[in-house]
Amino acid sequence: MSGETTATRNATAPSHTDADPTRWSVAETAAQLRSGRTSSLAVTEVYLARIAADDEVIGAYLTVTADVARTQARSADARRTAGEDGPLLGVPYALKDLFTTAGVRTTAGSRMLAAYVPPDDSTVYARLSAAGAVLLGKTNMDEFAMGSSTENSAFHPTANPWDISRVPGGSSGGSTAAVAAGMAAFAIGTDTGGSIRQPAALCGVVGLKPTYGRVSRRGMVAFASSLDQAGPITRTAKDAAAVLRAVAGLDPLDATSGDVDVPDYGSALNGDVTGLRLGILDEYFTAGLDPEVRAAVEAAIDVLVAAGAVRVRVQMPSVRYAVATYYLIATAECSANLARYDGFRYGATSDTGGVWERLTAARSVGFGEEVKRRIILGTNALSTGYFDAYYAQATRVRGLIRTEFERALDACDVIVGPTVPSPAFRRGEKMDDPLAMYLNDIYTIALNLAGLPGASVPCGFVAGLPIGLQIMGRAFDEASILRIADAYEARTAWSTRAPAVPADAARIRPPRALDA
Amino acid sequence: MEGFEVVVGIETHVQILTRSKMFCGCGADFAGAEPNTLVCPVCLGLPGALPTPNAAAIAAAVTTGLALGGEIRPRTWFERKNYHYPDLAKGYQISQYEAPLCTGGGLEVVGADGVRRTVGLERLHLEEDTAKLIHAPSETLLDFNRSGVPLMEIVSQPDMRSGDEARAYLEALRQLLRWLGVSTGNMEDGALRADVNISVRRVGETRLGTKIEIKNLNSFAAAKGAIEHEAERLAGMAERGETIVQSTRGWDERTRTTFAQRTKEAADDYRYFPEPDLPPLVLDAGWIEARRAALPALPAARRADLTERWQLSDDEARVLTRDRATADYAVAALVAAGPGASRAVAGWISGPLFALANAEPALGEGWTSKVPPNALAELAALVADGTLTRSVARDVLSEMWSTGRRAAEIAAGGARTQISGSDALGAVVDEVLAAHPKPVADWLGGKESASAFLLGQVMRATGGQANAAVARDVLDKALARRRA
Ligand SMILES: [Zn+2]
């Protein structure tokens with residue numbers, strides 16, 4: 001009988017998976033490990049080889065933690081041998097380089113922290129380690145998570161695996177590129193204004209930004225504390241559910257983390273969307289939306305309606321102020337969060353000179369242009385004489401946006417729409433036009449201001465480049481989002497496509513000099 | 001200063017006595033600890049570290065606010081105060097600005113003129129301390145042990161009118177902090193730090209003059225001296241028609257003068273905004289009321305009780321309320337002794353008992369259990385009913401202190417009871433008169449004060465056990481017989 005069970009399990013797995021472990025989903029990887037046909041160490045070695053072969057072209061990683069990975073893989077194999085099981089046990093993954101990892105440098109993509117080795121583990125990393133996941137490395141990102149293209153990394157850019165002349169999105173571009181290019185079974189990103197969902201859309205993977213407070217921020221290098229939230233980047237909605245369950249839940253060491261039970265999402269992912277009300281937001285289908293993206297998103301909604309969901313029209317007039325509001329609140333918070341990088345304990349440029357000379361010199365050299373721009377914006381927004389017109393006003397608008405979301409989500413179960421207005425742009429295309437870059441997050445930013453959960457799932461291709469369907473839900477109701485994402489996935493084939501990394505492409509990142 | 005009035009307001013920073021720091025689990029008792037041993041990612045301000053508020057510190061601040069008669073805000077929040085300095089780990093201090101934990105209230109102080117006055121309070125809020133800069137000859141070192149220690153900032157109204165009053169305010173504040181057990185209040189350790197705002201104006205003027213701030217005064221004497229010196233200086237400038245510029249000054253203990261530190265051209269812009277790492281601080285009304293109900297009787301109430309109910313003088317009351325343990329002891333002893341004995345009991349405490357306690361400073365507040373309040377009341381009663389003389393009773397008290405035995409027991413055990421029989425005393429008096437012919441002759445010659453010397457000799461000869469009134473009577477009669 002047990003032989004039959006194994007045969008059945010293998011038969012349900014797509015045929016390509018047997019050949020190449022780096023294309024396995026998290027669930028498939030766990031199933032393979034459970035079957036005993038391979039080991040975590042073996043799968044880890046395949047991933048490390050893939051990274052060695054492709055990452056100089058993609059540039060997804062800032063640090064590859066091969067030694068840590070092998071140690072954790074052996075430990076996972078031992079735990080499995082001892083009878084333990086778990087959805088992430090022995091599964092290799094990548095962590096955005098702003099989660100602290102004891103003994104492994106954590107740069108946040110900044111020159112300021114190029115040599116920073118933290119003394120302790122972030123809660124997310126500690127929970128993944130406890131679940132037996134295997135850390136392959138720390139991924140590239142826009143400096144301090146400020147950006148939408150990963151071009152603001154102080155170290156090197158990251159290429160979009162679907163077209164290496166294009167950006168992967170950002171700021172979690174390294175994490176999404178790693179998952180898309182088969183260099184990690186899953187990854188963790190962070191989303192302050194769209195930094196998980198936008199690059200997930202541009203790289204053709206699933207990205208989930210949980211409710212603010214769902215996942216502990218302890219050990220996450222802060223950008224904008226009231227908006228930052230960590231979440232999974234995966235190839236399937238089921239995988240996102242498994243990873244979310246491992247990292248979510250109350251953390252007494254994060255005073256803003258929510259004391260809300262984390263459900264077992266497995267039962268929620270039943271494929272049934274009958275009667276679910278999909279809110280269609282007028283404000284998200286306007287002139288700025290690429291017609292082909294619009295067509296793909298509408299087709300995706302049609303798929304869900306055909307499966308039994310119903311359309312409900314909703315309006316949120318204040319959403320048009322979301323980008324402006326975000327760039328006041330996020331910059332204000334970052335101006336304080338980044339004040340600690342003072343040239344004494346981090347990013348010292350000299351041992352001499354007075355306090356102010358050293359501070360100014362270190363911050364001039366240690367921070368990139370976008371970070372400096374935002375610190376200046378935020379400092380102004382908080383200054384006497386400007387506070388009321390900028391920060392305080394933005395806080396009021398944020399309240400309006402939150403109220404409108406709540407009202408809209410009374411009339412529907414989730415809100416669906418595009419994640420991005422257009423597919424991935426070329427590297428360098430928007431670097432001289434910050435405003436154009438900011439508008440890439442026009443559909444994702446409002447959700448962070450409201451503190452609500454949302455996901456992006458692959459919903460088609462425009463000119464050969466992936467785009468995403470965004471699904472936004474009620475506070476702590478990630479289950480509904482994942483259910484719809486899973487149901488959509490089951491009725492389409494977008495998530496089974498994988499990009500091919502050209503073997504002869506130019507290097508985007510230096511060889512492994514930076515690795516741990 | 002003729003024709004001028006000085007106006008003083010004081011901002012104090014008080015270290016709250018808690019086991020751990022304000023926003024992390026590190027120990028807060030940094031005195032004597034090796035530098036940089038009481039630190040963690042939170043109080044070092046490392047990337048990714050998050051604050052979690054210390055409930056004990058919040059409770060202590062609420063207790064202090066209630067004791068000061070202030071109003072506790074049931075919903076408040078922390079804010080970030082932004083400025084760069086190497087001793088500020090995060091580049092901002094977690095503090096409160098818009099909505100302090102407590103507003104209003106006041107502190108009763110007794111000025112040098114003996115007049116009681118209430119100094120109004122503006123606010124009390126919570127914040128965290130900074131690290132300590134240690135200036136070595138060639139470099140400056142940082143010790144983060146103090147970083148994140150809980151602080152209360154208590155800001156007074158500009159209600160004080162002299163250096164003496166400012167000093168009395170600080171003394172009263174320290175007394176209250178110790179009374180509540182919320183701080184050591186030690187100025188020399190920096191557990192209580194004072195910044196003084198001072199201005200002068202012509203008598204009768206109601207507007208405030210230009211404000212000078214004198215920072216980091218670390219003793220009561222420094223606060224008083226700095227205010228007195230600065231008031232003279234400002235009055236002189238005003239007299240000469242010179243313009244006073246708002247500025248910060250320091251106090252030089254050696255020369256006993258203030259000196260310029262920096263001029264405020266524009267107000268500091270700390271860019272306060274709500275601390276996003278901490279949810280709003282919501283205090284349950286029942287919890288606040290429970291803290292109010294748990295407040296001990298406070299110094300001012302104790303003083304009023306001693307003067308009104310127990311008919312003690314202001315001075316006696318002040319001495320007996322020097323700290324909470326003394327006040328609790330005194331009230332218990334007064335109650336045990338009952339009405340009528342209060343002056344005597346007060347005298348026993350502030351005299352002989354304080355002397356015994358002072359001789360054993362290591363006891364601290366423990367002195368109050370050496371002679372229980374009812375035991376002291378019993379001793380006072382034995383003196384009052386004539387069983388013991390005052391001087392014998394002093395010895396009995398010493399024995400009670402060292403053995404823990406009761407007064408009656410000690411008195412019965414030895415030949416300690418009073419000699420009050422006139423026959424027994426008559427023999428002693430005759431001996432004394434025979435031994436001191438000169439004072440006797442002086443007395444007979446009209447020098448009445450000579451009898452006091454003779455009475456002293458009688459008391460001495462009986463080892464203090466003579467009943468003084470009977471002895472005087474016997475002596476007077478014996479002297480009168482010699483005149484006849
Ligand atoms: Zn600490």
# chains A, B, ... in the order shown; residues from 1 in each chain; ligands from 1
>>> interface_residues(of="chain A", to="chain B", cutoff="7 Å", atoms="only C-alpha atoms", output="mmCIF file with C-alpha atoms, in the first residue's frame")
data_model
loop_
_atom_site.group_PDB
_atom_site.id
_atom_site.type_symbol
_atom_site.label_atom_id
_atom_site.label_comp_id
_atom_site.auth_asym_id
_atom_site.auth_seq_id
_atom_site.Cartn_x
_atom_site.Cartn_y
_atom_site.Cartn_z
ATOM 1 C CA ARG A 218 12.333 42.684 15.266
ATOM 2 C CA GLY A 219 15.689 42.475 13.567
ATOM 3 C CA MET A 220 14.488 44.086 10.345
ATOM 4 C CA VAL A 221 16.633 47.105 9.534
ATOM 5 C CA ALA A 222 13.985 49.810 9.618
ATOM 6 C CA SER A 225 8.469 51.631 10.972
ATOM 7 C CA SER A 226 4.710 52.160 10.678
ATOM 8 C CA LEU A 253 9.808 41.794 21.469
ATOM 9 C CA ASP A 254 7.897 43.754 18.817
ATOM 10 C CA ALA A 255 5.374 45.986 20.582
ATOM 11 C CA THR A 256 3.500 46.494 17.292
ATOM 12 C CA ALA A 336 14.750 59.311 12.257
ATOM 13 C CA ALA A 339 19.901 58.956 12.221
ATOM 14 C CA ARG A 340 21.856 56.271 14.083
ATOM 15 C CA LEU A 382 8.818 67.184 10.375
ATOM 16 C CA SER A 383 10.381 70.609 10.793
ATOM 17 C CA THR A 384 8.749 73.426 12.694
#
>>> residues_near_ligand(ligand="ligand 1", cutoff="6 Å", atoms="only C-alpha atoms and all ligand atoms", output="compact mmCIF listing (two decimals) with N, CA and C atoms, in the first residue's frame")
# COMPACT_ATOMS: atom_id res chain seq x y z
N CYS B 24 14.22 47.93 27.27
CA CYS B 24 14.85 46.63 27.05
C CYS B 24 15.04 45.95 28.39
N GLY B 25 15.53 44.73 28.37
CA GLY B 25 15.64 43.96 29.61
C GLY B 25 16.95 44.15 30.34
N CYS B 26 17.83 45.03 29.86
CA CYS B 26 19.13 45.22 30.51
C CYS B 26 18.94 45.78 31.91
N VAL B 39 24.31 46.20 28.29
CA VAL B 39 23.88 46.68 26.97
C VAL B 39 23.31 45.53 26.14
N CYS B 40 22.47 45.90 25.17
CA CYS B 40 21.90 44.93 24.23
C CYS B 40 21.62 45.70 22.93
N VAL B 42 18.97 46.81 21.74
CA VAL B 42 18.00 47.89 21.89
C VAL B 42 18.65 49.16 22.43
N CYS B 43 19.37 49.03 23.55
CA CYS B 43 19.92 50.26 24.15
C CYS B 43 21.21 50.69 23.46
>>> closest_residue(among="B:Glu242, B:Glu205, B:Arg161, B:Arg19", to="Arg117 (chain B)", atoms="only C-alpha atoms")
B:Arg161
>>> residues_around(residues="region 417-420 of chain A", least_positions_apart="3", cutoff="10 Å", atoms="only C-alpha atoms", output="VMD selection string")
chain A and resid 169 194 197 to 202 278 to 285 289 to 290 293 to 294 296 to 298 300 to 301 423 to 424 439 to 444 454 to 459 467 to 472
>>> residues_around(residues="Glu370 (chain A)", least_positions_apart="4", cutoff="10 Å", atoms="only C-alpha atoms", output="PyMOL selection string")
chain A and resi 142-144+146-147+152+374-376+431+434
>>> residues_around(residues="Leu126 (chain B)", least_positions_apart="3", cutoff="8 Å", atoms="only C-alpha atoms", output="list of chain:residue names")
B:Ile58, B:Ala61, B:Ser95, B:Gln96, B:Pro100, B:Leu101, B:Pro150, B:Leu151, B:Met152, B:Glu153
>>> closest_residue(among="B:Asp473, B:Trp251, B:Ala346, B:Arg302", to="Glu316 (chain B)", atoms="only C-alpha atoms")
B:Ala346
>>> closest_residue(among="B:Ala131, B:Gln261, B:Ile212, B:Arg174", to="Val245 (chain B)", atoms="only C-alpha atoms")
B:Ile212
>>> residues_around(residues="Arg427 (chain A)", least_positions_apart="5", cutoff="9 Å", atoms="only C-alpha atoms", output="ChimeraX atom specification")
/A:149,151,157,159,164-167
>>> closest_residue(among="B:Ala424, B:Arg406, B:Asp395, B:Gln175", to="Gly464 (chain B)", atoms="only C-alpha atoms")
B:Asp395
>>> atom_distance(atom1="CA of Leu250 (chain A)", atom2="CA of Leu227 (chain A)")
17.2 Å
>>> residues_around(residues="Pro466 (chain A)", least_positions_apart="5", cutoff="6 Å", atoms="only C-alpha atoms", output="number ranges by chain")
A: 202, 204, 460-461
>>> closest_residue(among="A:Ala446, A:Ala475, A:Leu435, A:Ile484", to="Tyr212 (chain A)", atoms="only C-alpha atoms")
A:Ala475
